>>> print(open('input.txt').read())   # compact mmCIF, C-alpha atoms and all ligand atoms
# COMPACT_ATOMS: atom_id res chain seq x y z
CA MET A 1 8.88 3.55 -19.82
CA THR A 2 7.19 2.69 -16.54
CA GLU A 3 9.26 1.67 -13.55
CA ALA A 4 7.77 -1.83 -13.77
CA LYS A 5 9.22 -2.16 -17.26
CA VAL A 6 12.58 -0.81 -16.16
CA VAL A 7 12.66 -3.43 -13.44
CA LEU A 8 11.67 -6.23 -15.78
CA LYS A 9 14.32 -5.19 -18.27
CA MET A 10 16.98 -5.56 -15.59
CA GLU A 11 15.81 -9.06 -14.80
CA LYS A 12 17.28 -11.06 -17.63
CA LEU A 13 18.61 -13.54 -15.10
CA THR A 14 16.30 -16.00 -13.38
CA LEU A 15 16.31 -17.61 -9.94
CA MET A 16 18.24 -20.58 -11.32
CA ASP A 17 21.15 -18.29 -12.16
CA LEU A 18 21.76 -17.69 -8.46
CA PRO A 19 24.55 -19.69 -6.80
CA GLY A 20 23.24 -22.71 -4.92
CA VAL A 21 19.83 -22.59 -6.56
CA GLY A 22 18.86 -25.72 -8.46
CA ALA A 23 15.46 -26.73 -9.72
CA ALA A 24 14.24 -27.88 -6.29
CA THR A 25 15.25 -24.69 -4.49
CA ALA A 26 13.89 -22.56 -7.32
CA GLU A 27 10.58 -24.34 -6.96
CA LYS A 28 10.50 -23.72 -3.23
CA LEU A 29 11.27 -20.07 -3.82
CA GLU A 30 8.58 -19.82 -6.50
CA SER A 31 5.93 -21.37 -4.34
CA ALA A 32 6.81 -19.02 -1.48
CA GLY A 33 6.30 -16.02 -3.76
CA TYR A 34 9.90 -15.34 -4.81
CA HIS A 35 9.50 -15.09 -8.57
CA ASP A 36 12.42 -12.94 -9.54
CA LEU A 37 15.84 -11.73 -8.49
CA MET A 38 14.39 -8.56 -7.02
CA SER A 39 12.38 -10.53 -4.48
CA VAL A 40 15.51 -12.42 -3.40
CA ALA A 41 17.62 -9.27 -3.39
CA VAL A 42 15.34 -7.51 -0.91
CA SER A 43 14.66 -10.51 1.34
CA SER A 44 16.55 -11.38 4.50
CA VAL A 45 18.84 -14.34 5.19
CA GLY A 46 16.38 -15.67 7.77
CA GLU A 47 13.48 -15.55 5.32
CA LEU A 48 15.39 -17.49 2.68
CA ILE A 49 16.49 -20.15 5.16
CA GLU A 50 12.92 -20.57 6.32
CA VAL A 51 11.58 -20.91 2.80
CA THR A 52 14.25 -23.07 1.18
CA GLY A 53 16.07 -24.81 4.02
CA VAL A 54 19.47 -23.82 2.60
CA SER A 55 22.38 -23.01 4.91
CA GLU A 56 23.06 -19.51 6.11
CA ALA A 57 26.12 -19.20 3.89
CA VAL A 58 24.18 -20.19 0.79
CA ALA A 59 21.32 -17.85 1.64
CA ARG A 60 23.80 -15.01 2.03
CA LYS A 61 25.41 -15.83 -1.32
CA MET A 62 22.03 -15.92 -3.04
CA ILE A 63 21.11 -12.49 -1.70
CA ASN A 64 24.47 -10.96 -2.52
CA SER A 65 24.47 -12.34 -6.00
CA ALA A 66 20.91 -11.15 -6.61
CA ARG A 67 21.90 -7.73 -5.32
CA ASP A 68 24.99 -7.59 -7.51
CA SER A 69 23.04 -8.48 -10.61
CA MET A 70 20.48 -5.81 -9.79
CA LYS A 71 23.11 -3.15 -9.10
CA MET A 72 21.66 -2.48 -5.69
CA GLY A 73 24.61 -0.72 -4.15
CA PHE A 74 25.06 3.02 -4.06
CA GLU A 75 23.50 5.24 -6.67
CA THR A 76 24.16 8.86 -7.48
CA GLY A 77 21.69 11.54 -6.59
CA MET A 78 21.06 11.91 -10.34
CA ASP A 79 20.01 8.24 -10.61
CA ILE A 80 17.53 8.77 -7.84
CA LEU A 81 16.25 11.98 -9.35
CA ARG A 82 15.63 10.14 -12.62
CA ARG A 83 13.71 7.46 -10.75
CA ARG A 84 11.75 10.11 -8.91
CA GLU A 85 10.69 11.41 -12.32
CA LEU A 86 8.73 8.19 -12.78
CA VAL A 87 6.68 8.99 -9.69
CA THR A 88 3.10 9.89 -10.47
CA LYS A 89 0.61 11.65 -8.19
CA LEU A 90 -2.90 10.41 -7.88
CA SER A 91 -5.45 13.19 -7.44
CA THR A 92 -8.12 13.07 -4.75
CA GLY A 93 -10.36 15.54 -6.56
CA SER A 94 -10.01 18.07 -3.71
CA ALA A 95 -7.55 20.81 -4.66
CA SER A 96 -6.52 21.52 -1.08
CA PHE A 97 -6.05 17.81 -0.27
CA ASP A 98 -3.90 17.42 -3.38
CA THR A 99 -1.84 20.46 -2.42
CA LEU A 100 -1.35 19.07 1.08
CA MET A 101 0.01 15.88 -0.53
CA GLY A 102 2.33 17.76 -2.89
CA GLY A 103 0.07 17.11 -5.89
CA GLY A 104 -1.66 13.88 -4.88
CA PHE A 105 -1.00 10.40 -3.51
CA GLU A 106 2.44 9.28 -4.69
CA SER A 107 3.25 6.14 -6.63
CA GLY A 108 6.14 4.06 -5.34
CA ALA A 109 5.15 4.85 -1.75
CA ILE A 110 2.82 3.77 1.04
CA THR A 111 0.33 6.37 2.25
CA GLU A 112 -1.48 5.61 5.49
CA CYS A 113 -4.70 7.30 6.60
CA PHE A 114 -5.65 6.74 10.20
CA GLY A 115 -8.66 8.04 12.02
CA GLU A 116 -11.82 7.20 13.90
CA PHE A 117 -14.82 5.38 12.37
CA GLY A 118 -16.60 7.37 9.71
CA SER A 119 -13.70 9.75 9.21
CA GLY A 120 -13.57 8.94 5.49
CA LYS A 121 -10.77 6.38 5.16
CA THR A 122 -12.81 3.94 3.08
CA GLN A 123 -14.32 6.74 0.98
CA ILE A 124 -10.82 7.85 0.03
CA GLY A 125 -9.92 4.26 -0.92
CA HIS A 126 -12.89 4.07 -3.29
CA LEU A 127 -12.20 7.49 -4.73
CA LEU A 128 -8.51 6.83 -5.37
CA THR A 129 -9.51 3.58 -7.08
CA VAL A 130 -11.76 5.40 -9.55
CA ASN A 131 -9.22 8.19 -10.10
CA ALA A 132 -6.39 5.74 -10.77
CA LEU A 133 -8.53 4.00 -13.39
CA LYS A 134 -9.50 7.35 -14.88
CA GLU A 135 -5.93 8.55 -15.24
CA ASP A 136 -4.80 5.42 -17.08
CA SER A 137 -7.21 3.47 -19.27
CA THR A 138 -4.95 0.38 -19.16
CA ALA A 139 -4.67 0.43 -15.36
CA THR A 140 -5.88 -2.18 -12.92
CA THR A 141 -6.31 -1.54 -9.21
CA VAL A 142 -6.29 -4.01 -6.33
CA TYR A 143 -8.50 -3.67 -3.26
CA ILE A 144 -7.77 -5.88 -0.26
CA ASP A 145 -10.94 -5.61 1.79
CA THR A 146 -10.68 -6.85 5.35
CA GLU A 147 -13.87 -5.34 6.77
CA ASN A 148 -16.30 -6.13 3.96
CA THR A 149 -16.79 -2.45 3.23
CA PHE A 150 -15.88 -2.41 -0.47
CA ARG A 151 -19.02 -1.22 -2.25
CA PRO A 152 -19.38 -1.41 -6.05
CA GLU A 153 -22.37 0.92 -5.66
CA ARG A 154 -20.05 3.59 -4.30
CA ILE A 155 -17.58 3.01 -7.14
CA LYS A 156 -20.51 3.42 -9.54
CA GLN A 157 -21.40 6.81 -8.03
CA PHE A 158 -17.83 8.10 -8.27
CA ALA A 159 -17.36 6.70 -11.78
CA GLU A 160 -20.61 8.19 -13.03
CA ALA A 161 -19.70 11.58 -11.58
CA ALA A 162 -16.39 11.34 -13.43
CA GLY A 163 -18.21 10.50 -16.68
CA MET A 164 -16.71 7.03 -16.88
CA ASP A 165 -18.11 3.73 -18.14
CA VAL A 166 -19.14 2.00 -14.91
CA GLU A 167 -18.77 -1.55 -16.20
CA ASP A 168 -15.29 -0.84 -17.52
CA VAL A 169 -14.31 0.68 -14.18
CA LEU A 170 -15.65 -2.21 -12.11
CA SER A 171 -14.06 -4.79 -14.37
CA ARG A 172 -10.62 -3.25 -13.80
CA ILE A 173 -10.84 -3.48 -10.00
CA MET A 174 -9.60 -6.73 -8.46
CA VAL A 175 -11.16 -7.13 -5.04
CA ALA A 176 -10.09 -9.71 -2.51
CA ARG A 177 -11.82 -10.20 0.78
CA ALA A 178 -9.20 -11.10 3.42
CA TYR A 179 -10.63 -13.34 6.12
CA ASN A 180 -7.78 -13.11 8.62
CA SER A 181 -4.31 -11.64 8.94
CA ASP A 182 -2.57 -14.63 7.34
CA HIS A 183 -4.90 -14.47 4.38
CA GLN A 184 -4.31 -10.73 4.13
CA MET A 185 -0.54 -11.25 4.11
CA LEU A 186 -0.83 -13.95 1.47
CA LEU A 187 -2.94 -11.72 -0.77
CA ALA A 188 -0.38 -8.92 -0.53
CA GLU A 189 2.37 -11.35 -1.48
CA LYS A 190 0.36 -12.51 -4.52
CA ILE A 191 0.25 -9.07 -6.08
CA GLU A 192 3.65 -9.50 -7.64
CA ASP A 193 2.14 -12.42 -9.58
CA LEU A 194 -0.58 -10.20 -11.00
CA ILE A 195 2.08 -7.84 -12.27
CA SER A 196 4.96 -10.06 -13.30
CA LYS A 197 3.08 -13.18 -14.39
CA GLN A 198 -0.32 -11.93 -15.51
CA GLY A 199 1.04 -8.67 -16.87
CA LYS A 200 -1.53 -6.49 -15.08
CA ASN A 201 -0.72 -2.78 -15.00
CA VAL A 202 -1.44 -2.37 -11.28
CA ARG A 203 -1.36 1.35 -10.45
CA LEU A 204 -3.02 1.33 -7.02
CA LEU A 205 -3.20 -1.10 -4.13
CA VAL A 206 -5.67 -0.39 -1.33
CA VAL A 207 -5.53 -2.29 1.97
CA ASP A 208 -8.63 -1.38 3.97
CA SER A 209 -8.11 -1.97 6.87
CA LEU A 210 -4.42 -2.66 7.30
CA THR A 211 -4.61 -3.40 11.01
CA ALA A 212 -8.12 -4.58 11.92
CA HIS A 213 -7.38 -8.32 11.67
CA PHE A 214 -4.06 -8.00 13.47
CA ARG A 215 -5.71 -6.03 16.21
CA ALA A 216 -8.55 -8.54 16.62
CA GLU A 217 -6.37 -11.66 16.51
CA PHE A 218 -3.55 -10.66 18.80
CA ILE A 219 -5.04 -9.66 22.09
CA GLY A 220 -3.15 -9.30 25.33
CA ARG A 221 0.38 -8.36 26.19
CA GLY A 222 2.13 -11.63 25.42
CA THR A 223 1.07 -11.53 21.77
CA LEU A 224 2.40 -8.09 20.92
CA ALA A 225 5.80 -9.20 19.69
CA GLU A 226 4.33 -11.78 17.34
CA ARG A 227 1.79 -9.30 16.02
CA GLN A 228 4.44 -6.69 15.33
CA GLN A 229 6.64 -9.24 13.62
CA LYS A 230 3.83 -10.25 11.29
CA LEU A 231 2.85 -6.66 10.64
CA ASN A 232 6.46 -5.92 9.83
CA ARG A 233 6.54 -8.68 7.25
CA HIS A 234 3.27 -7.44 5.78
CA MET A 235 4.53 -3.86 5.52
CA HIS A 236 7.68 -5.21 3.90
CA ALA A 237 5.60 -6.95 1.22
CA LEU A 238 3.60 -3.78 0.57
CA ALA A 239 6.74 -1.66 0.38
CA LYS A 240 8.20 -4.11 -2.10
CA VAL A 241 5.18 -3.85 -4.41
CA ALA A 242 5.30 -0.06 -4.13
CA SER A 243 8.96 0.36 -4.95
CA ALA A 244 9.60 -2.50 -7.37
CA TYR A 245 6.59 -1.69 -9.56
CA ASN A 246 5.99 1.99 -8.83
CA VAL A 247 2.54 1.27 -7.39
CA CYS A 248 0.65 3.74 -5.22
CA VAL A 249 -0.17 1.88 -2.00
CA TYR A 250 -2.96 3.23 0.22
CA VAL A 251 -3.60 1.68 3.64
CA THR A 252 -6.11 2.56 6.32
CA ASN A 253 -5.61 2.29 10.03
CA GLN A 254 -7.74 2.72 13.12
CA VAL A 255 -7.01 4.72 16.22
CA MET A 256 -7.32 3.75 19.82
CA ALA A 257 -7.93 5.91 22.84
CA LYS A 258 -4.84 6.87 24.77
CA PRO A 259 -6.21 7.21 28.29
CA ASP A 260 -3.00 8.62 29.75
CA GLN A 261 -2.90 11.65 27.47
CA PHE A 262 -4.66 14.78 28.67
CA PHE A 263 -3.26 17.34 26.26
CA GLY A 264 -3.28 17.32 22.47
CA ASP A 265 -5.04 14.56 20.62
CA PRO A 266 -6.00 11.68 22.89
CA THR A 267 -5.73 9.05 20.16
CA THR A 268 -2.96 6.97 18.73
CA SER A 269 -2.81 4.73 15.66
CA ILE A 270 -2.64 0.94 15.74
CA GLY A 271 0.49 -0.90 14.79
CA GLY A 272 2.88 1.44 16.54
CA HIS A 273 6.27 2.22 15.09
CA ILE A 274 6.26 -0.65 12.62
CA VAL A 275 3.36 0.77 10.62
CA ALA A 276 4.30 4.39 11.20
CA HIS A 277 7.85 3.81 10.07
CA ALA A 278 6.96 1.77 6.99
CA SER A 279 4.46 4.34 5.74
CA THR A 280 6.01 7.04 3.58
CA PHE A 281 3.14 9.48 4.12
CA ARG A 282 0.86 9.51 7.14
CA ILE A 283 -2.43 11.35 7.30
CA TYR A 284 -4.61 11.75 10.35
CA LEU A 285 -8.29 12.07 9.44
CA ARG A 286 -10.96 13.39 11.73
CA LYS A 287 -14.50 14.67 11.57
CA GLY A 288 -14.72 18.46 11.43
CA LYS A 289 -17.57 20.93 11.81
CA LYS A 290 -20.84 20.50 9.89
CA GLY A 291 -20.04 17.13 8.39
CA THR A 292 -16.64 18.15 7.01
CA ARG A 293 -13.48 16.07 7.36
CA VAL A 294 -10.05 17.34 8.33
CA ALA A 295 -6.92 15.70 6.93
CA LYS A 296 -3.67 16.41 8.69
CA LEU A 297 -0.38 15.42 7.10
CA ILE A 298 1.83 14.37 9.97
CA ASP A 299 4.72 12.61 8.31
CA ALA A 300 6.15 13.11 4.84
CA PRO A 301 9.73 12.95 3.56
CA ASN A 302 9.66 16.17 1.56
CA LEU A 303 6.49 18.04 2.43
CA PRO A 304 5.63 20.40 5.27
CA ASP A 305 3.10 19.23 7.83
CA GLY A 306 -0.28 20.83 7.25
CA GLU A 307 -4.02 20.45 7.26
CA CYS A 308 -6.91 20.67 4.85
CA CYS A 309 -10.65 20.47 5.15
CA PHE A 310 -12.91 18.62 2.71
CA GLU A 311 -16.39 17.22 2.29
CA VAL A 312 -17.42 13.76 1.17
CA LEU A 313 -20.14 14.07 -1.47
CA GLU A 314 -22.01 11.53 -3.54
CA GLY A 315 -19.77 12.08 -6.56
CA GLY A 316 -16.40 12.63 -4.90
CA ILE A 317 -14.71 14.82 -2.36
CA LYS A 318 -14.33 18.58 -2.57
CA ASP A 319 -12.76 21.40 -0.58
CA ALA A 320 -14.79 22.66 2.34
CA ASN A 321 -14.77 26.38 3.07
N1 LIG B 1 -22.94 8.48 -0.95
C1 LIG B 1 -22.41 9.28 -0.02
N2 LIG B 1 -22.58 10.60 -0.10
C2 LIG B 1 -22.06 11.42 0.82
N3 LIG B 1 -21.33 11.02 1.87
C3 LIG B 1 -21.14 9.71 2.00
C4 LIG B 1 -21.64 8.78 1.07
N4 LIG B 1 -21.26 7.54 1.47
C5 LIG B 1 -20.55 7.72 2.60
N5 LIG B 1 -20.47 9.01 2.92
C6 LIG B 1 -19.82 9.60 4.11
O1 LIG B 1 -18.72 8.80 4.48
C7 LIG B 1 -18.85 8.37 5.82
C8 LIG B 1 -18.25 7.01 6.00
O2 LIG B 1 -16.88 7.15 5.84
P1 LIG B 1 -15.91 5.89 5.73
O3 LIG B 1 -16.71 4.68 5.50
O4 LIG B 1 -14.88 6.24 4.74
O5 LIG B 1 -15.31 5.87 7.18
P2 LIG B 1 -14.03 5.07 7.69
O6 LIG B 1 -13.05 6.09 8.10
O7 LIG B 1 -13.63 4.09 6.68
O8 LIG B 1 -14.63 4.38 9.00
P3 LIG B 1 -14.33 2.92 9.64
O9 LIG B 1 -13.21 3.12 10.61
O10 LIG B 1 -15.60 2.58 10.32
O11 LIG B 1 -13.99 2.00 8.54
C9 LIG B 1 -20.33 8.40 6.08
O12 LIG B 1 -20.58 8.56 7.45
C10 LIG B 1 -20.78 9.59 5.27
O13 LIG B 1 -20.55 10.78 5.99
MG MG B 2 -13.69 2.03 6.61
>>> encode(input="input.txt", output="structure tokens")
Amino acid sequence: MTEAKVVLKMEKLTLMDLPGVGAATAEKLESAGYHDLMSVAVSSVGELIEVTGVSEAVARKMINSARDSMKMGFETGMDILRRRELVTKLSTGSASFDTLMGGGFESGAITECFGEFGSGKTQIGHLLTVNALKEDSTATTVYIDTENTFRPERIKQFAEAAGMDVEDVLSRIMVARAYNSDHQMLLAEKIEDLISKQGKNVRLLVVDSLTAHFRAEFIGRGTLAERQQKLNRHMHALAKVASAYNVCVYVTNQVMAKPDQFFGDPTTSIGGHIVAHASTFRIYLRKGKKGTRVAKLIDAPNLPDGECCFEVLEGGIKDAN
């Protein structure tokens, strides 16, 4: 049984079963993207007040009651181990990259790749898409494209190299072009609909690029707090999709020059601690010698830091010697 099904099985109750939620409030919740008890259980009091206009006390009761019904308190280590057994690893096609990632890109988690232009972030997004569809013939993947760099032609090359039916592959990819950061956030919040209402078996969500719109729209010192707040909410939505439905979430991020750093790597990723903290795995990508790419795992809950070297080829990626 997939984690999505486990979650759905727990949700016999509906929004209307929560204290203080009548038809009108349920409708407000629905239209703001809260379709089930899980979404209420993991939201904050402030969010619920904003969306429904209920009092703080009612919002708190709604959350507590949703949490109670979902048994969201403490769990034993065994419970967590059992849930970890549902985690799948998505292969990159490069043995050393997979090893670096402990077998591949994990489901139920957010993996962030950050690096300079041309370092291979978008290539990895396309490749993971094809591999996710290859591993599960019922799977759908979602690609939120903020830079207009999704290329069906590239998908075709990877799919053909993997011996797959190109039309079938393309028809199982749902691509959305995000025009600004608000649109991007809205799209991410709609993914739950695809899963819980339309019954899509979403195995992979790519957000390429996670930060470009935020970076372009919020310029100057005074806007930083607002930007970080919005990014935080966005990361929250992505984390929710990952953990509630056991989806592998892959996000890309740019780097900016750090002029005050003379030693070590003079770059830093966009989005600061908010993005870094919300990502379960973080990979720094850079161009290596002779057209190779170097991936460095810099943050992972249960894996050692390390590096691997690969090449981007027409049909996929492979280890570089
Ligand atoms: N068909 C192909 N065959 C071989 N290599 C390719 C092919 N298509 C793209 N590449 C390689 O991938 C590189 C582009 O990488 P990618 O688009 O993933 O960069 P990125 O990290 O997403 O950059 P940006 O920050 O600009 O979005 C190209 O420069 C080329 O080296
Ligand atoms: Mg790119």
>>> closest_residue(input="input.txt", among="A:Ala242, A:Ala300, A:Leu313, A:Leu224", to="Gly272 (chain A)", atoms="only C-alpha atoms")
A:Leu224
>>> residues_near_ligand(input="input.txt", ligand="ligand LIG 1 (chain B)", cutoff="9 Å", atoms="all atoms listed in the file", output="MDAnalysis selection string")
chainID A and resid 113:126 147 149 153:154 157:158 208:209 252:255 285:286 291:293 311:317
>>> closest_residue(input="input.txt", among="A:Ala176, A:Thr76, A:Ile110, A:Val207", to="Ser279 (chain A)", atoms="all atoms listed in the file")
A:Ile110
>>> atom_distance(input="input.txt", atom1="CA of Phe97 (chain A)", atom2="CA of Glu307 (chain A)")
8.2 Å
>>> closest_residue(input="input.txt", among="A:Ala26, A:Val45, A:Gly103, A:Asp145", to="ligand MG 2 (chain B)", atoms="all atoms listed in the file")
A:Asp145
>>> residues_around(input="input.txt", residues="region 32-44 of chain A", least_positions_apart="4", cutoff="7 Å", atoms="all atoms listed in the file", output="ChimeraX atom specification")
/A:11,14-15,28,48,51,63,66-67,189-190
>>> atom_distance(input="input.txt", atom1="CA of Asp79 (chain A)", atom2="CA of Arg282 (chain A)")
26.1 Å
>>> residues_around(input="input.txt", residues="Ala278 (chain A)", least_positions_apart="6", cutoff="8 Å", atoms="all atoms listed in the file", output="PyMOL selection string")
chain A and resi 110+235-236+239
>>> axis_aligned_box(input="input.txt", around="region 119-138 of chain A", padding_each_side="4 Å", output="lines of an AutoDock Vina configuration file")
center_x = -9.6
center_y = 5.1
center_z = -5.0
size_x = 17.5
size_y = 17.4
size_z = 36.5
>>> atom_distance(input="input.txt", atom1="CA of Thr140 (chain A)", atom2="CA of Glu192 (chain A)")
13.1 Å
>>> closest_residue(input="input.txt", among="A:Phe74, A:Phe150, A:Phe105, A:Phe281", to="ligand MG 2 (chain B)", atoms="all atoms listed in the file")
A:Phe150
>>> closest_residue(input="input.txt", among="A:Met70, A:Val169, A:Ala95, A:Val249", to="Asn321 (chain A)", atoms="all atoms listed in the file")
A:Ala95
>>> closest_residue(input="input.txt", among="A:Gln229, A:Thr280, A:Asn148, A:Ser243", to="ligand MG 2 (chain B)", atoms="all atoms listed in the file")
A:Asn148
>>> build_atoms(input="input.txt", residues="region 170-184 of chain A", atoms="N, CA and C atoms", output="compact mmCIF listing (two decimals), keeping the file's coordinate frame")
# COMPACT_ATOMS: atom_id res chain seq x y z
N LEU A 170 -15.53 -1.08 -13.05
CA LEU A 170 -15.65 -2.21 -12.11
C LEU A 170 -14.85 -3.42 -12.57
N SER A 171 -14.77 -3.60 -13.90
CA SER A 171 -14.06 -4.79 -14.37
C SER A 171 -12.55 -4.65 -14.23
N ARG A 172 -12.07 -3.43 -13.98
CA ARG A 172 -10.62 -3.25 -13.80
C ARG A 172 -10.22 -3.17 -12.32
N ILE A 173 -11.16 -3.46 -11.43
CA ILE A 173 -10.84 -3.48 -10.00
C ILE A 173 -10.80 -4.94 -9.54
N MET A 174 -9.69 -5.36 -8.97
CA MET A 174 -9.60 -6.73 -8.46
C MET A 174 -9.75 -6.66 -6.94
N VAL A 175 -10.86 -7.21 -6.47
CA VAL A 175 -11.16 -7.13 -5.04
C VAL A 175 -10.91 -8.47 -4.40
N ALA A 176 -10.26 -8.47 -3.26
CA ALA A 176 -10.09 -9.71 -2.51
C ALA A 176 -10.52 -9.46 -1.08
N ARG A 177 -11.39 -10.30 -0.60
CA ARG A 177 -11.82 -10.20 0.78
C ARG A 177 -10.83 -11.02 1.62
N ALA A 178 -10.15 -10.37 2.57
CA ALA A 178 -9.20 -11.10 3.42
C ALA A 178 -9.92 -11.53 4.69
N TYR A 179 -9.86 -12.83 4.98
CA TYR A 179 -10.63 -13.34 6.12
C TYR A 179 -9.88 -13.30 7.44
N ASN A 180 -8.56 -13.26 7.39
CA ASN A 180 -7.78 -13.11 8.62
C ASN A 180 -6.42 -12.54 8.25
N SER A 181 -5.57 -12.33 9.23
CA SER A 181 -4.31 -11.64 8.94
C SER A 181 -3.39 -12.47 8.04
N ASP A 182 -3.41 -13.79 8.20
CA ASP A 182 -2.57 -14.63 7.34
C ASP A 182 -3.03 -14.53 5.89
N HIS A 183 -4.33 -14.57 5.72
CA HIS A 183 -4.90 -14.47 4.38
C HIS A 183 -4.54 -13.11 3.77
N GLN A 184 -4.66 -12.08 4.57
CA GLN A 184 -4.31 -10.73 4.13
C GLN A 184 -2.85 -10.64 3.67
